[in-house]
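Asks: Data file model36.cif (mmCIF, C-alpha atoms) is appended below.
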```cif
data_structure
#
loop_
_atom_site.label_atom_id
_atom_site.label_comp_id
_atom_site.auth_asym_id
_atom_site.auth_seq_id
_atom_site.Cartn_x
_atom_site.Cartn_y
_atom_site.Cartn_z
CA MET A 1 51.45 32.80 28.70
CA SER A 2 48.38 31.28 30.32
CA ASP A 3 46.43 34.55 30.25
CA LYS A 4 47.20 34.97 26.55
CA GLY A 5 46.10 31.38 25.87
CA CYS A 6 42.83 31.91 27.72
CA CYS A 7 42.21 35.14 25.83
CA ASP A 8 42.82 33.30 22.57
CA SER A 9 40.35 30.61 23.65
CA VAL A 10 37.71 33.24 24.47
CA ALA A 11 38.27 34.85 21.07
CA LEU A 12 37.96 31.46 19.39
CA VAL A 13 34.64 30.75 21.11
CA ILE A 14 33.30 34.19 20.16
CA ALA A 15 34.43 33.70 16.56
CA TYR A 16 32.70 30.29 16.51
CA VAL A 17 29.42 31.65 17.87
CA ILE A 18 29.32 34.77 15.71
CA GLY A 19 31.12 33.59 12.57
CA TYR A 20 30.09 29.94 12.23
CA VAL A 21 26.82 29.58 14.16
CA CYS A 22 25.23 32.97 13.47
CA VAL A 23 26.66 34.05 10.12
CA LEU A 24 27.61 30.89 8.22
CA LYS A 25 24.92 28.55 9.58
CA LYS A 26 22.39 31.36 10.13
CA GLY A 27 21.69 30.29 13.69
CA TYR A 28 19.46 33.35 14.15
CA GLN A 29 16.86 31.87 11.78
CA ASP A 30 13.97 29.48 12.18
CA THR A 31 13.83 26.92 9.32
CA ASP A 32 11.24 24.96 7.36
CA THR A 33 11.46 22.19 4.73
CA VAL A 34 9.86 22.48 1.32
CA LEU A 35 6.50 21.09 0.19
CA SER A 36 6.34 20.56 -3.55
CA SER A 37 4.19 19.52 -6.50
CA VAL A 38 5.47 18.75 -10.00
CA THR A 39 3.76 18.44 -13.38
CA THR A 40 5.43 17.83 -16.74
CA LYS A 41 4.57 18.24 -20.42
CA VAL A 42 6.73 16.68 -23.17
CA LYS A 43 6.75 17.79 -26.81
CA GLY A 44 8.42 16.35 -29.90
CA ILE A 45 7.95 14.26 -33.06
CA ALA A 46 9.90 11.15 -34.14
CA LEU A 47 9.87 9.18 -37.41
CA THR A 48 10.50 5.40 -37.63
CA ASN A 49 10.55 2.95 -40.53
CA THR A 50 10.39 -0.71 -39.41
CA THR A 51 9.50 -3.99 -41.08
CA GLU A 52 6.67 -4.60 -38.60
CA LEU A 53 5.02 -1.15 -38.71
CA GLY A 54 6.39 0.47 -41.86
CA GLU A 55 6.91 4.23 -41.93
CA ARG A 56 5.32 5.83 -38.90
CA VAL A 57 5.30 9.18 -37.09
CA TRP A 58 5.34 9.06 -33.27
CA ASP A 59 3.92 11.91 -31.23
CA VAL A 60 3.37 12.55 -27.51
CA ALA A 61 0.38 10.20 -27.31
CA ASP A 62 2.56 7.34 -28.59
CA TYR A 63 5.81 7.64 -26.63
CA ILE A 64 4.76 9.11 -23.24
CA ILE A 65 3.53 6.12 -21.21
CA PRO A 66 1.46 6.66 -19.09
CA PRO A 67 0.34 10.19 -20.02
CA GLN A 68 0.71 11.48 -16.43
CA GLU A 69 2.75 10.35 -13.44
CA ASP A 70 3.41 11.92 -10.05
CA GLY A 71 6.70 13.77 -10.31
CA SER A 72 8.10 11.71 -13.19
CA PHE A 73 7.63 10.87 -16.87
CA PHE A 74 8.72 8.05 -19.19
CA VAL A 75 9.92 8.60 -22.77
CA LEU A 76 9.94 5.63 -25.15
CA THR A 77 13.26 5.44 -27.06
CA ASN A 78 13.49 1.87 -28.39
CA MET A 79 11.29 -1.19 -28.87
CA ILE A 80 10.93 -4.79 -29.96
CA ILE A 81 7.66 -5.24 -31.90
CA THR A 82 5.71 -8.47 -32.28
CA PRO A 83 2.72 -7.77 -34.59
CA ASN A 84 -0.50 -9.67 -35.34
CA GLN A 85 -0.67 -11.86 -32.24
CA THR A 86 -3.83 -13.92 -31.75
CA GLN A 87 -5.06 -16.33 -29.07
CA SER A 88 -3.87 -19.63 -30.54
CA LYS A 89 -1.41 -22.53 -30.12
CA CYS A 90 2.31 -22.42 -30.91
CA ALA A 91 5.64 -23.85 -29.81
CA GLU A 92 7.29 -22.31 -26.76
CA ASN A 93 10.52 -20.42 -27.11
CA PRO A 94 13.43 -22.81 -26.41
CA THR A 95 14.62 -22.86 -22.79
CA GLN A 96 16.00 -25.56 -20.54
CA ALA A 97 12.46 -26.09 -19.17
CA SER A 98 10.58 -26.04 -22.51
CA ILE A 99 12.76 -28.25 -24.77
CA CYS A 100 11.24 -31.74 -25.14
CA THR A 101 11.65 -35.01 -27.00
CA SER A 102 8.15 -36.49 -26.58
CA HIS A 103 4.65 -35.60 -25.37
CA ARG A 104 5.49 -37.09 -21.95
CA ASP A 105 7.84 -34.18 -21.34
CA CYS A 106 4.98 -31.66 -21.65
CA LYS A 107 2.46 -31.79 -18.81
CA ARG A 108 -0.98 -30.70 -19.98
CA GLY A 109 -2.26 -27.59 -18.17
CA PHE A 110 1.14 -26.73 -16.71
CA ASN A 111 1.60 -22.99 -16.35
CA ASP A 112 5.15 -21.78 -15.76
CA ALA A 113 5.20 -18.21 -14.41
CA ARG A 114 8.30 -17.60 -16.52
CA GLY A 115 6.96 -19.42 -19.57
CA ASP A 116 4.91 -18.27 -22.53
CA GLY A 117 1.48 -19.77 -21.84
CA VAL A 118 -0.47 -22.85 -20.74
CA ARG A 119 0.86 -26.14 -22.09
CA THR A 120 -1.39 -28.33 -24.22
CA GLY A 121 0.51 -31.56 -23.51
CA ARG A 122 2.03 -31.85 -27.00
CA CYS A 123 5.71 -31.74 -28.03
CA VAL A 124 5.99 -29.97 -31.40
CA ASN A 125 8.69 -28.69 -33.75
CA TYR A 126 10.04 -25.24 -32.92
CA ASN A 127 12.36 -25.44 -35.94
CA ASP A 128 14.11 -28.12 -37.95
CA THR A 129 16.40 -29.13 -35.06
CA ILE A 130 14.58 -28.23 -31.81
CA LYS A 131 11.29 -29.44 -30.31
CA THR A 132 9.50 -27.56 -27.53
CA CYS A 133 6.22 -27.91 -25.66
CA GLU A 134 3.15 -26.43 -27.33
CA VAL A 135 1.31 -23.69 -25.43
CA LEU A 136 -1.97 -21.84 -25.64
CA SER A 137 -0.90 -18.20 -25.74
CA TRP A 138 -0.70 -15.03 -27.80
CA CYS A 139 0.96 -16.35 -30.95
CA PRO A 140 3.38 -15.79 -32.58
CA LEU A 141 5.35 -15.45 -29.34
CA GLU A 142 7.51 -12.43 -28.56
CA LYS A 143 10.87 -12.54 -30.32
CA ILE A 144 13.84 -13.11 -27.99
CA VAL A 145 16.33 -10.63 -29.46
CA GLU A 146 18.43 -7.70 -28.36
CA PRO A 147 16.88 -4.24 -28.84
CA PRO A 148 17.89 -2.35 -32.00
CA ASN A 149 21.12 -0.38 -31.92
CA PRO A 150 20.97 2.50 -32.79
CA PRO A 151 17.59 2.97 -31.07
CA LEU A 152 14.46 3.29 -33.18
CA LEU A 153 13.38 6.61 -31.65
CA ALA A 154 16.80 8.23 -31.85
CA ASP A 155 15.08 11.58 -32.46
CA ALA A 156 13.88 11.53 -28.86
CA GLU A 157 17.06 13.37 -27.89
CA ASN A 158 15.50 16.55 -29.31
CA PHE A 159 12.24 16.23 -27.38
CA THR A 160 11.65 18.96 -24.79
CA VAL A 161 9.88 18.85 -21.45
CA LEU A 162 8.25 21.71 -19.56
CA ILE A 163 8.63 21.10 -15.81
CA LYS A 164 6.22 23.09 -13.64
CA ASN A 165 7.19 23.05 -9.98
CA ASN A 166 5.17 24.75 -7.24
CA ILE A 167 6.71 24.96 -3.76
CA ARG A 168 5.47 26.10 -0.35
CA TYR A 169 7.05 26.76 3.02
CA PRO A 170 3.98 26.52 5.31
CA LYS A 171 5.69 27.82 8.46
CA PHE A 172 6.39 31.14 6.72
CA ASN A 173 3.29 31.14 4.46
CA PHE A 174 5.60 31.44 1.46
CA ASN A 175 4.73 30.16 -2.04
CA LYS A 176 6.60 30.24 -5.32
CA ARG A 177 6.98 28.37 -8.61
CA ASN A 178 9.85 27.79 -11.01
CA ILE A 179 8.15 29.85 -13.74
CA LEU A 180 9.52 33.07 -12.29
CA PRO A 181 7.72 36.45 -12.43
CA ASN A 182 10.11 37.76 -15.10
CA ILE A 183 9.13 34.94 -17.53
CA ASN A 184 6.38 35.84 -20.03
CA ASN A 185 4.57 33.79 -22.68
CA SER A 186 6.74 34.91 -25.58
CA TYR A 187 9.94 33.95 -23.74
CA LEU A 188 8.46 30.61 -22.64
CA THR A 189 7.54 29.62 -26.20
CA GLN A 190 11.12 29.89 -27.48
CA CYS A 191 13.50 29.34 -24.53
CA VAL A 192 15.40 26.12 -23.72
CA PHE A 193 17.32 25.69 -20.47
CA SER A 194 20.99 26.58 -20.70
CA ARG A 195 23.14 26.99 -17.62
CA LYS A 196 24.96 29.92 -19.25
CA THR A 197 22.32 31.77 -21.29
CA ASP A 198 18.90 30.66 -19.91
CA PRO A 199 19.36 29.30 -16.36
CA ASP A 200 15.78 30.22 -15.37
CA CYS A 201 14.00 28.56 -18.33
CA PRO A 202 11.83 25.61 -17.14
CA ILE A 203 11.93 23.88 -20.57
CA PHE A 204 14.64 21.24 -20.94
CA ARG A 205 15.92 19.32 -23.97
CA LEU A 206 16.26 15.64 -23.09
CA LYS A 207 19.71 15.35 -24.63
CA ASP A 208 20.94 18.26 -22.50
CA ILE A 209 19.63 16.62 -19.32
CA VAL A 210 21.47 13.38 -20.07
CA GLU A 211 24.69 15.10 -21.15
CA GLU A 212 24.79 17.23 -17.99
CA ALA A 213 24.83 13.94 -16.10
CA GLU A 214 27.89 12.99 -18.18
CA GLU A 215 26.02 10.31 -20.15
CA ASP A 216 25.45 9.74 -23.88
CA PHE A 217 21.78 9.89 -24.87
CA GLN A 218 21.98 7.49 -27.85
CA THR A 219 23.83 4.87 -25.78
CA MET A 220 21.38 5.16 -22.90
CA ALA A 221 18.38 5.04 -25.25
CA VAL A 222 19.18 1.49 -26.45
CA HIS A 223 18.33 -0.28 -23.17
CA GLY A 224 16.80 2.66 -21.30
CA GLY A 225 17.59 3.96 -17.86
CA VAL A 226 16.52 6.31 -15.07
CA MET A 227 17.53 9.97 -14.84
CA GLY A 228 17.08 12.30 -11.89
CA VAL A 229 16.18 15.98 -12.37
CA GLN A 230 17.03 17.60 -9.04
CA ILE A 231 15.50 20.97 -8.15
CA ARG A 232 16.88 22.67 -5.04
CA TRP A 233 15.15 25.61 -3.35
CA ASP A 234 17.38 27.10 -0.62
CA CYS A 235 15.78 30.40 0.38
CA ASP A 236 16.84 33.10 2.83
CA LEU A 237 13.52 34.82 3.50
CA ASP A 238 15.22 37.72 5.27
CA MET A 239 16.39 38.73 1.79
CA PRO A 240 14.20 39.84 -1.17
CA GLN A 241 11.90 37.11 -2.50
CA SER A 242 13.45 37.48 -5.96
CA TRP A 243 16.60 35.88 -4.56
CA CYS A 244 14.70 32.64 -3.93
CA VAL A 245 15.17 30.77 -7.23
CA PRO A 246 15.48 27.07 -8.16
CA ARG A 247 18.83 25.42 -8.90
CA TYR A 248 18.80 22.50 -11.36
CA THR A 249 21.18 19.52 -11.37
CA PHE A 250 20.98 16.19 -13.21
CA ARG A 251 22.30 12.70 -12.50
CA ARG A 252 21.75 9.10 -13.58
CA LEU A 253 19.95 7.03 -10.94
CA ASP A 254 20.02 3.44 -12.22
CA ASN A 255 23.03 1.16 -11.95
CA LYS A 256 25.35 1.02 -14.97
CA ASP A 257 28.19 -1.00 -13.44
CA PRO A 258 29.96 -2.75 -16.36
CA GLU A 259 30.88 -5.67 -14.08
CA ASN A 260 27.24 -6.21 -13.07
CA ASN A 261 25.23 -5.60 -16.25
CA VAL A 262 22.50 -8.23 -15.82
CA ALA A 263 19.08 -6.82 -16.80
CA PRO A 264 20.37 -3.32 -17.63
CA GLY A 265 18.27 -0.25 -18.29
CA TYR A 266 14.50 0.15 -18.04
CA ASN A 267 11.78 -1.60 -20.07
CA PHE A 268 8.23 -2.92 -19.89
CA ARG A 269 5.62 -4.44 -22.22
CA PHE A 270 2.37 -3.02 -23.49
CA ALA A 271 0.00 -3.93 -26.32
CA LYS A 272 -2.36 -2.31 -28.81
CA TYR A 273 -5.53 -4.37 -29.42
CA TYR A 274 -7.68 -4.62 -32.56
CA LYS A 275 -10.69 -6.58 -33.83
CA ASP A 276 -11.05 -7.78 -37.40
CA SER A 277 -14.31 -7.64 -39.31
CA ASP A 278 -14.96 -11.29 -38.42
CA GLY A 279 -14.55 -10.54 -34.69
CA THR A 280 -11.06 -12.03 -34.31
CA GLU A 281 -9.05 -10.16 -31.68
CA THR A 282 -5.44 -9.35 -32.54
CA ARG A 283 -2.79 -7.30 -30.87
CA THR A 284 0.63 -5.77 -31.48
CA LEU A 285 2.95 -6.45 -28.55
CA ILE A 286 5.64 -3.86 -27.85
CA LYS A 287 8.53 -4.36 -25.47
CA GLY A 288 9.37 -0.73 -24.85
CA TYR A 289 12.73 0.58 -23.74
CA GLY A 290 13.10 4.15 -22.60
CA ILE A 291 14.28 6.68 -20.09
CA ARG A 292 12.33 7.45 -16.95
CA PHE A 293 12.89 10.98 -15.63
CA ASP A 294 12.24 11.46 -11.90
CA VAL A 295 11.90 15.06 -10.71
CA LEU A 296 13.26 15.32 -7.17
CA VAL A 297 12.68 18.53 -5.18
CA PHE A 298 14.74 19.51 -2.13
CA GLY A 299 14.94 22.72 -0.14
CA GLN A 300 15.06 24.60 3.11
CA ALA A 301 14.02 28.14 3.99
CA GLY A 302 15.13 30.28 6.91
CA LYS A 303 13.80 33.46 8.51
CA PHE A 304 14.81 35.47 11.57
CA ASN A 305 13.29 34.32 14.84
CA ILE A 306 14.19 35.50 18.32
CA ILE A 307 13.95 32.03 19.90
CA PRO A 308 16.76 30.26 17.94
CA THR A 309 18.79 33.49 18.22
CA LEU A 310 18.61 33.43 22.04
CA LEU A 311 19.24 29.69 22.15
CA ASN A 312 22.44 29.98 20.12
CA ILE A 313 23.66 33.02 22.10
CA GLY A 314 22.98 31.12 25.32
CA ALA A 315 24.92 28.14 24.03
CA GLY A 316 27.82 30.47 23.20
CA LEU A 317 27.80 31.98 26.70
CA ALA A 318 27.83 28.47 28.17
CA LEU A 319 30.94 27.71 26.12
CA LEU A 320 32.58 30.88 27.46
CA GLY A 321 31.98 29.60 30.99
CA LEU A 322 33.92 26.46 30.14
CA VAL A 323 36.95 28.34 28.83
CA ASN A 324 38.54 28.96 32.26
CA VAL A 325 37.96 25.38 33.34
CA ILE A 326 39.57 23.99 30.18
CA CYS A 327 42.49 26.46 30.37
CA ASP A 328 43.18 25.55 34.00
CA TRP A 329 43.10 21.85 33.24
CA ILE A 330 45.52 22.23 30.33
CA VAL A 331 47.97 24.38 32.30
CA LEU A 332 47.81 22.27 35.49
CA THR A 333 48.30 18.94 33.70
CA LEU A 334 50.14 19.50 30.42
CA MET A 335 52.37 22.58 30.79
CA LYS A 336 56.04 22.20 31.80
CA ARG A 337 55.73 24.91 34.49
CA LYS A 338 52.50 23.52 35.91
CA HIS A 339 53.86 23.49 39.50
CA HIS A 340 54.76 27.20 39.32
CA TYR A 341 51.29 28.01 37.95
CA LYS A 342 49.67 25.97 40.72
CA GLU A 343 51.64 27.91 43.39
CA GLN A 344 50.57 31.23 41.88
CA LYS A 345 46.95 30.27 41.41
CA TYR A 346 46.24 28.86 44.86
CA THR A 347 46.98 30.54 48.23
CA TYR A 348 47.12 28.27 51.28
CA VAL A 349 45.89 29.72 54.58
CA ASP A 350 47.25 28.49 57.95
CA ASP A 351 44.05 28.30 59.95
CA PHE A 352 45.89 27.26 63.16
CA GLY A 353 48.16 30.31 63.03
CA LEU A 354 45.22 32.65 62.56
CA LEU A 355 43.43 31.22 65.57
CA SER A 356 46.56 31.64 67.76
CA ASN A 357 46.91 35.30 66.81
CA GLU A 358 43.25 35.97 67.60
CA GLU A 359 43.61 34.46 71.11
CA THR A 360 46.56 36.65 72.03
#
```
What is this file in structure tokens?
Replies:
Amino acid sequence: MSDKGCCDSVALVIAYVIGYVCVLKKGYQDTDTVLSSVTTKVKGIALTNTTELGERVWDVADYIIPPQEDGSFFVLTNMIITPNQTQSKCAENPTQASICTSHRDCKRGFNDARGDGVRTGRCVNYNDTIKTCEVLSWCPLEKIVEPPNPPLLADAENFTVLIKNNIRYPKFNFNKRNILPNINNSYLTQCVFSRKTDPDCPIFRLKDIVEEAEEDFQTMAVHGGVMGVQIRWDCDLDMPQSWCVPRYTFRRLDNKDPENNVAPGYNFRFAKYYKDSDGTETRTLIKGYGIRFDVLVFGQAGKFNIIPTLLNIGAGLALLGLVNVICDWIVLTLMKRKHHYKEQKYTYVDDFGLLSNEET
């Protein structure tokens, strides 16, 4: 029984070294992590018709802010517009800190970091029922309202983005890009990524990206959010280079916990400035909501190398040397017939008897 158990243990160690370490985990290979660069180009047209701006067509120069980022891009999907602001005086928006009853409540020159401007020291009418402190600011002040629902740039779901990803494994002097050798100009001008029909196309429709992450584009576009485009390059360089291709996955990165929905989504403010014929400076303030897409690249490459091969074989041989020790310990301490095994394993020599026989 003990010999069979030890043989089974030896077989298990050999199966571990050959099957798991060498074959499954490719322990015969040296590895390197990926170096990557990403550039993006978005295309699409959207039409809006608002009270503040009227009928307007939005193109790439309008809704991609800023034009270039490192490994990411932002698409404007919704906005709150405050037009025709000028440097002037107006009543603050009502808050616990800005509501007043007399001029004494408004300290002249006070600048609240969370307020709307620099106070003039006057308490003025905000409306028929509320008085607030007057400020020097860009007036009229930004409207405190919820973003439009449905979003103004609902057509953004049909925008497409070309993602160009160049990767390098410096240890193996290996370079590749996600525009594969079999892709030509005619195919690139008409393809859109589809996991079933066009898995190698580097052009993605924004709605498809969001839906693959099990999200609804129109819902997400109201307050904005952050999406991750994950590109994984796992390459076995002992195989043909054509087998080294990118794998795309998508997931939402920002928090959307319904029980903790304070300050949801993604937004920021920007302005467009103008000067009238009389030199007066005006601006249109836009609080923009949208989706930020972060392109995240992961990967590891492996190639045969004699050093890790010998190291893993040596580790396997060391495990084989421990098999007998472990088997003996199990049999001598845990088996029911451990005393019988101990008698058979060890032979006791009577040194005194041997010496007596030699003397005679």
Asks: For region 158-174 of chain A, work out the shell of residues within 9 Å, counting all atoms listed in the file and skipping chain neighbours fewer than 4 positions away, then give it as a VMD selection string.
Replies: chain A and resid 31 to 46 154 178 to 179 192 202 to 208 231 233 237 295 297 300 to 303
Asks: Any chance you can output those residues with C-alpha atoms as a short mmCIF file (atom, residue, chain, number, x, y, z; two decimals), keeping the file's coordinate frame?
Replies:
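Dumped everything to out_0.cif:
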```cif
data_model
loop_
_atom_site.label_atom_id
_atom_site.label_comp_id
_atom_site.auth_asym_id
_atom_site.auth_seq_id
_atom_site.Cartn_x
_atom_site.Cartn_y
_atom_site.Cartn_z
CA THR A 31 13.83 26.92 9.32
CA ASP A 32 11.24 24.96 7.36
CA THR A 33 11.46 22.19 4.73
CA VAL A 34 9.86 22.48 1.32
CA LEU A 35 6.50 21.09 0.19
CA SER A 36 6.34 20.56 -3.55
CA SER A 37 4.19 19.52 -6.50
CA VAL A 38 5.47 18.75 -10.00
CA THR A 39 3.76 18.44 -13.38
CA THR A 40 5.43 17.83 -16.74
CA LYS A 41 4.57 18.24 -20.42
CA VAL A 42 6.73 16.68 -23.17
CA LYS A 43 6.75 17.79 -26.81
CA GLY A 44 8.42 16.35 -29.90
CA ILE A 45 7.95 14.26 -33.06
CA ALA A 46 9.90 11.15 -34.14
CA ALA A 154 16.80 8.23 -31.85
CA ASN A 178 9.85 27.79 -11.01
CA ILE A 179 8.15 29.85 -13.74
CA VAL A 192 15.40 26.12 -23.72
CA PRO A 202 11.83 25.61 -17.14
CA ILE A 203 11.93 23.88 -20.57
CA PHE A 204 14.64 21.24 -20.94
CA ARG A 205 15.92 19.32 -23.97
CA LEU A 206 16.26 15.64 -23.09
CA LYS A 207 19.71 15.35 -24.63
CA ASP A 208 20.94 18.26 -22.50
CA ILE A 231 15.50 20.97 -8.15
CA TRP A 233 15.15 25.61 -3.35
CA LEU A 237 13.52 34.82 3.50
CA VAL A 295 11.90 15.06 -10.71
CA VAL A 297 12.68 18.53 -5.18
CA GLN A 300 15.06 24.60 3.11
CA ALA A 301 14.02 28.14 3.99
CA GLY A 302 15.13 30.28 6.91
CA LYS A 303 13.80 33.46 8.51
#
```
Asks: Any chance you could resolve the PyMOL selection byres ((chain A and resi 292) around 6) against this file and give the residues as a list in words?
Replies: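 Those residues are Phe73, Phe74, Val226, Ile291 and Phe293 of chain A.
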Asks: Write out as a PDB file with C-alpha atoms, in the coordinates of the input each polymer residue whose atoms come within 9 Å of Cys244 (chain A), counting all atoms listed in the file; drop sequence neighbours fewer than 4 positions from it.
Replies:
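Contents of the output file out.pdb:
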```
ATOM      1  CA  LYS A 176       6.600  30.240  -5.320  1.00  0.00           C
ATOM      2  CA  TRP A 233      15.150  25.610  -3.350  1.00  0.00           C
ATOM      3  CA  ASP A 234      17.380  27.100  -0.620  1.00  0.00           C
ATOM      4  CA  CYS A 235      15.780  30.400   0.380  1.00  0.00           C
ATOM      5  CA  ASP A 236      16.840  33.100   2.830  1.00  0.00           C
ATOM      6  CA  LEU A 237      13.520  34.820   3.500  1.00  0.00           C
ATOM      7  CA  MET A 239      16.390  38.730   1.790  1.00  0.00           C
ATOM      8  CA  PRO A 240      14.200  39.840  -1.170  1.00  0.00           C
TER       9      PRO A 240
END
```
Asks: What do you get, as a list in words, if you spell out every residue that the PyMOL selection byres ((chain A and resi 57) around 9) selects here?
Replies: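 Going through the file, the PyMOL selection byres ((chain A and resi 57) around 9) ends up selecting Ile45, Ala46, Leu47, Thr48, Asn49, Glu55, Arg56, Trp58 and Asp59 of chain A.
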Asks: Just the number, please: distance in Å from CA of Thr50 (chain A) to CA of Pro264 (chain A), one decimal.
Replies: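 Rounded to one decimal, the two atoms are 24.1 Å apart.
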Asks: Region 128-170 of chain A near region 214-221 of chain A within 12 Å: what's each residue's closest atom pair and its distance in Å to one decimal, counting only C-alpha atoms, ordered by chain then ascending residue number, as a Markdown table?
Replies:
```
| residue | atom | partner | partner_atom | distance |
| --- | --- | --- | --- | --- |
| A:Pro147 | CA | A:Ala221 | CA | 10.1 |
| A:Pro148 | CA | A:Ala221 | CA | 10.0 |
| A:Asn149 | CA | A:Thr219 | CA | 8.5 |
| A:Pro150 | CA | A:Gln218 | CA | 7.1 |
| A:Pro151 | CA | A:Ala221 | CA | 6.2 |
| A:Leu152 | CA | A:Ala221 | CA | 9.0 |
| A:Leu153 | CA | A:Ala221 | CA | 8.3 |
| A:Ala154 | CA | A:Gln218 | CA | 6.6 |
| A:Asp155 | CA | A:Gln218 | CA | 9.3 |
| A:Ala156 | CA | A:Ala221 | CA | 8.7 |
| A:Glu157 | CA | A:Phe217 | CA | 6.6 |
| A:Asn158 | CA | A:Phe217 | CA | 10.2 |
| A:Phe159 | CA | A:Phe217 | CA | 11.7 |
```
